[in-house]
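Shown next: data27.cif, containing mmCIF, C-alpha atoms.
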data_work
#
loop_
_atom_site.group_PDB
_atom_site.id
_atom_site.type_symbol
_atom_site.label_atom_id
_atom_site.label_comp_id
_atom_site.auth_asym_id
_atom_site.auth_seq_id
_atom_site.Cartn_x
_atom_site.Cartn_y
_atom_site.Cartn_z
ATOM 1 C CA MET A 1 -32.352 126.704 219.282
ATOM 2 C CA LYS A 2 -28.824 125.424 218.752
ATOM 3 C CA THR A 3 -28.294 122.451 216.467
ATOM 4 C CA VAL A 4 -25.449 120.209 215.315
ATOM 5 C CA PHE A 5 -26.379 121.254 211.749
ATOM 6 C CA ASN A 6 -25.346 124.891 212.315
ATOM 7 C CA GLU A 7 -21.660 125.633 211.623
ATOM 8 C CA ILE A 8 -21.119 127.835 214.693
ATOM 9 C CA ASP A 9 -22.970 125.459 217.056
ATOM 10 C CA TYR A 10 -21.105 122.453 215.636
ATOM 11 C CA ALA A 11 -17.723 124.210 216.007
ATOM 12 C CA GLU A 12 -18.540 125.055 219.628
ATOM 13 C CA LEU A 13 -19.240 121.386 220.396
ATOM 14 C CA VAL A 14 -16.024 120.272 218.695
ATOM 15 C CA LYS A 15 -13.964 122.741 220.736
ATOM 16 C CA ARG A 16 -15.600 121.598 223.982
ATOM 17 C CA ILE A 17 -15.137 117.890 223.172
ATOM 18 C CA GLU A 18 -11.482 118.450 222.241
ATOM 19 C CA SER A 19 -10.872 120.179 225.581
ATOM 20 C CA ALA A 20 -11.596 116.996 227.579
ATOM 21 C CA LYS A 21 -8.574 115.531 229.376
ATOM 22 C CA PRO A 22 -8.163 112.223 231.254
ATOM 23 C CA GLU A 23 -8.198 114.161 234.530
ATOM 24 C CA THR A 24 -11.504 115.920 233.706
ATOM 25 C CA GLN A 25 -13.880 115.093 236.564
ATOM 26 C CA ARG A 26 -17.645 114.882 236.537
ATOM 27 C CA ILE A 27 -19.735 117.372 238.458
ATOM 28 C CA TRP A 28 -22.663 114.950 238.737
ATOM 29 C CA GLY A 29 -23.574 111.458 237.566
ATOM 30 C CA LYS A 30 -21.697 108.168 237.436
ATOM 31 C CA MET A 31 -19.769 108.130 234.151
ATOM 32 C CA ASN A 32 -16.160 109.136 233.759
ATOM 33 C CA VAL A 33 -15.193 111.402 230.861
ATOM 34 C CA ALA A 34 -14.311 108.542 228.470
ATOM 35 C CA GLN A 35 -17.604 106.777 229.191
ATOM 36 C CA MET A 36 -19.443 110.048 228.568
ATOM 37 C CA MET A 37 -17.827 110.344 225.145
ATOM 38 C CA ALA A 38 -18.821 106.752 224.314
ATOM 39 C CA HIS A 39 -22.378 107.401 225.530
ATOM 40 C CA ASN A 40 -22.642 110.432 223.263
ATOM 41 C CA SER A 41 -21.274 108.467 220.312
ATOM 42 C CA ALA A 42 -24.027 105.902 220.852
ATOM 43 C CA ALA A 43 -26.620 108.706 220.887
ATOM 44 C CA VAL A 44 -25.290 110.175 217.632
ATOM 45 C CA GLU A 45 -25.386 106.705 216.061
ATOM 46 C CA LEU A 46 -29.101 106.611 216.929
ATOM 47 C CA ALA A 47 -29.655 110.030 215.346
ATOM 48 C CA LEU A 48 -27.829 108.906 212.194
ATOM 49 C CA GLY A 49 -29.824 105.680 212.025
ATOM 50 C CA ASP A 50 -26.717 103.485 212.391
ATOM 51 C CA VAL A 51 -28.380 101.874 215.415
ATOM 52 C CA LYS A 52 -32.129 101.488 215.781
ATOM 53 C CA LEU A 53 -33.829 100.856 219.102
ATOM 54 C CA LYS A 54 -37.348 99.538 219.415
ATOM 55 C CA ARG A 55 -39.944 101.920 220.743
ATOM 56 C CA LYS A 56 -40.358 101.504 224.502
ATOM 57 C CA PHE A 57 -43.820 100.760 225.905
ATOM 58 C CA ILE A 58 -43.367 103.500 228.487
ATOM 59 C CA GLY A 59 -42.580 105.871 225.619
ATOM 60 C CA TYR A 60 -45.924 105.137 224.004
ATOM 61 C CA LEU A 61 -47.570 106.001 227.322
ATOM 62 C CA LEU A 62 -45.537 109.026 228.447
ATOM 63 C CA GLY A 63 -43.373 110.123 225.519
ATOM 64 C CA GLY A 64 -45.898 112.552 224.093
ATOM 65 C CA PHE A 65 -46.323 114.316 227.432
ATOM 66 C CA ILE A 66 -42.598 114.764 227.987
ATOM 67 C CA LYS A 67 -41.593 115.417 224.357
ATOM 68 C CA LYS A 68 -42.417 119.149 224.502
ATOM 69 C CA SER A 69 -39.989 119.681 227.404
ATOM 70 C CA PHE A 70 -37.402 117.466 225.684
ATOM 71 C CA LEU A 71 -37.605 119.680 222.584
ATOM 72 C CA SER A 72 -37.552 122.992 224.485
ATOM 73 C CA GLU A 73 -34.596 125.308 225.087
ATOM 74 C CA LYS A 74 -34.572 124.221 228.729
ATOM 75 C CA PRO A 75 -31.460 122.109 229.514
ATOM 76 C CA PHE A 76 -31.918 118.473 230.451
ATOM 77 C CA PRO A 77 -32.121 117.945 234.215
ATOM 78 C CA LYS A 78 -29.155 116.342 235.964
ATOM 79 C CA ASP A 79 -29.359 112.544 236.113
ATOM 80 C CA SER A 80 -32.043 112.367 233.413
ATOM 81 C CA PRO A 81 -33.027 108.800 232.495
ATOM 82 C CA THR A 82 -31.535 107.262 229.358
ATOM 83 C CA ALA A 83 -32.015 104.148 227.246
ATOM 84 C CA ALA A 84 -30.301 101.160 228.838
ATOM 85 C CA GLU A 85 -28.728 100.327 225.480
ATOM 86 C CA ILE A 86 -26.550 103.441 225.561
ATOM 87 C CA ILE A 87 -25.467 103.327 229.193
ATOM 88 C CA ILE A 88 -21.687 102.818 229.253
ATOM 89 C CA THR A 89 -20.162 101.179 232.333
ATOM 90 C CA ASP A 90 -16.992 99.501 231.045
ATOM 91 C CA ALA A 91 -13.537 101.080 230.876
ATOM 92 C CA ARG A 92 -12.866 103.209 227.783
ATOM 93 C CA ASP A 93 -9.883 105.057 226.341
ATOM 94 C CA LEU A 94 -10.592 108.786 226.240
ATOM 95 C CA GLU A 95 -8.617 109.602 223.092
ATOM 96 C CA ASN A 96 -10.265 106.770 221.129
ATOM 97 C CA GLU A 97 -13.721 107.787 222.340
ATOM 98 C CA LYS A 98 -13.132 111.467 221.574
ATOM 99 C CA ALA A 99 -11.982 110.593 218.059
ATOM 100 C CA LYS A 100 -15.018 108.390 217.468
ATOM 101 C CA LEU A 101 -17.430 111.035 218.757
ATOM 102 C CA LEU A 102 -15.806 113.771 216.678
ATOM 103 C CA GLN A 103 -15.981 111.564 213.573
ATOM 104 C CA LEU A 104 -19.675 110.755 214.108
ATOM 105 C CA LEU A 105 -20.530 114.365 214.916
ATOM 106 C CA LYS A 106 -18.723 115.566 211.770
ATOM 107 C CA ARG A 107 -20.625 113.003 209.722
ATOM 108 C CA MET A 108 -23.910 114.266 211.159
ATOM 109 C CA TYR A 109 -22.978 117.913 210.574
ATOM 110 C CA LEU A 110 -21.830 117.316 206.990
ATOM 111 C CA GLY A 111 -24.837 115.118 206.204
ATOM 112 C CA GLY A 112 -27.170 117.860 207.329
ATOM 113 C CA GLU A 113 -30.811 117.302 208.041
ATOM 114 C CA LYS A 114 -31.013 114.862 205.084
ATOM 115 C CA GLY A 115 -28.692 112.528 207.006
ATOM 116 C CA ALA A 116 -30.835 112.312 210.147
ATOM 117 C CA THR A 117 -32.692 109.076 210.729
ATOM 118 C CA THR A 118 -36.380 108.670 210.005
ATOM 119 C CA HIS A 119 -36.535 105.892 212.604
ATOM 120 C CA PRO A 120 -38.549 106.972 215.649
ATOM 121 C CA HIS A 121 -36.845 107.844 218.915
ATOM 122 C CA SER A 122 -37.228 104.929 221.338
ATOM 123 C CA PHE A 123 -39.053 107.063 223.909
ATOM 124 C CA PHE A 124 -40.396 110.160 222.131
ATOM 125 C CA GLY A 125 -41.369 108.645 218.797
ATOM 126 C CA LYS A 126 -41.136 110.545 215.524
ATOM 127 C CA LEU A 127 -38.684 113.438 215.422
ATOM 128 C CA THR A 128 -38.097 115.700 212.439
ATOM 129 C CA PRO A 129 -34.541 116.018 211.109
ATOM 130 C CA GLN A 130 -34.429 119.505 212.650
ATOM 131 C CA GLN A 131 -35.459 118.041 216.022
ATOM 132 C CA TRP A 132 -32.750 115.363 215.783
ATOM 133 C CA GLY A 133 -30.145 118.097 215.226
ATOM 134 C CA GLU A 134 -31.413 120.170 218.119
ATOM 135 C CA THR A 135 -31.715 117.276 220.550
ATOM 136 C CA GLN A 136 -28.246 115.996 219.700
ATOM 137 C CA TRP A 137 -26.817 119.446 220.426
ATOM 138 C CA LYS A 138 -28.796 119.601 223.656
ATOM 139 C CA HIS A 139 -27.721 116.087 224.703
ATOM 140 C CA LEU A 140 -24.059 116.809 224.018
ATOM 141 C CA ASP A 141 -24.277 120.148 225.824
ATOM 142 C CA HIS A 142 -25.859 118.401 228.828
ATOM 143 C CA HIS A 143 -22.991 115.931 229.137
ATOM 144 C CA LEU A 144 -20.260 118.451 228.407
ATOM 145 C CA ARG A 145 -21.665 120.634 231.199
ATOM 146 C CA GLN A 146 -21.660 117.505 233.380
ATOM 147 C CA PHE A 147 -17.867 117.656 233.107
ATOM 148 C CA GLY A 148 -17.500 121.423 233.175
ATOM 149 C CA LEU A 149 -16.587 121.520 229.490
#

Serialized structure, structure tokens:
Amino acid sequence: MKTVFNEIDYAELVKRIESAKPETQRIWGKMNVAQMMAHNSAAVELALGDVKLKRKFIGYLLGGFIKKSFLSEKPFPKDSPTAAEIIITDARDLENEKAKLLQLLKRMYLGGEKGATTHPHSFFGKLTPQQWGETQWKHLDHHLRQFGL
């Protein structure tokens, strides 16, 4: 499975992120391209442990059942639910958001698996460093595909 910790997979994400333009339109969903970049930055901050969300009650109930699909090679479905704390609805500047995302992603890549948080995912619970790298790649891929990138 692809991961942000692999040089080739990381480089692919960087190229796709850099290709975003202000006129890039979504194929599905509600966010514009700048909001999508900000949303992904927030997700990487969770994976790095910069931001820690409390475990959701619903996650204790359902997280274990859904975790296997979440960790599989199967792409995330369109309009998948997300933590309210990382939903972005305000106006954002694309170039600033791209730069922030690229900086955070580089930090995660360079830090390797040792740099991944040990804090549990707010819905799925404990993830290994390898799983954090894979799910971050999968999450970024999901949103880049959302914009045809």

Atom-to-atom span, atom CA of Thr89 of chain A and atom CA of Met31 of chain A, Å: 7.2 Å

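Distance check against Pro77 of chain A using all atoms listed in the file: of A:Ala91, A:Arg145, A:Trp132, A:Arg16, the minimum falls on A:Arg145.
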
Resolved residues for the PyMOL selection byres ((chain A and resi 51-66) around 9) as number ranges by chain: A: 42-43, 45-50, 67-71, 83, 85, 119-125

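Across the model, the gap from atom CA of Lys74 of chain A to atom CA of Lys2 of chain A is 11.6 Å.
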
Picked residues, the PyMOL selection byres ((chain A and resi 103-109) around 8), expected as a PyMOL selection string: chain A and resi 4-7+10+41+44-45+48+99-102+110-112+115-116

Given the PyMOL selection byres ((chain A and resi 138) around 10), the residues it picks as an MDAnalysis selection string: chainID A and resid 1:4 70:76 132:137 139:144

Straight-line distance linking atom CA of Pro22 of chain A with atom CA of Asp90 of chain A, stated in Å to one decimal: 15.5 Å

Spatial neighbours of Asn32 of chain A, 10 Å, all atoms listed in the file, chain gap at least 5 places, as a PyMOL selection string: chain A and resi 22-26+37+88-89+91-92+94+147

Point (-13.1, 110.2, 226.2) neighbourhood (6 Å, all atoms listed in the file) written as a VMD selection string: chain A and resid 33 to 34 37 94 to 95 97 to 98
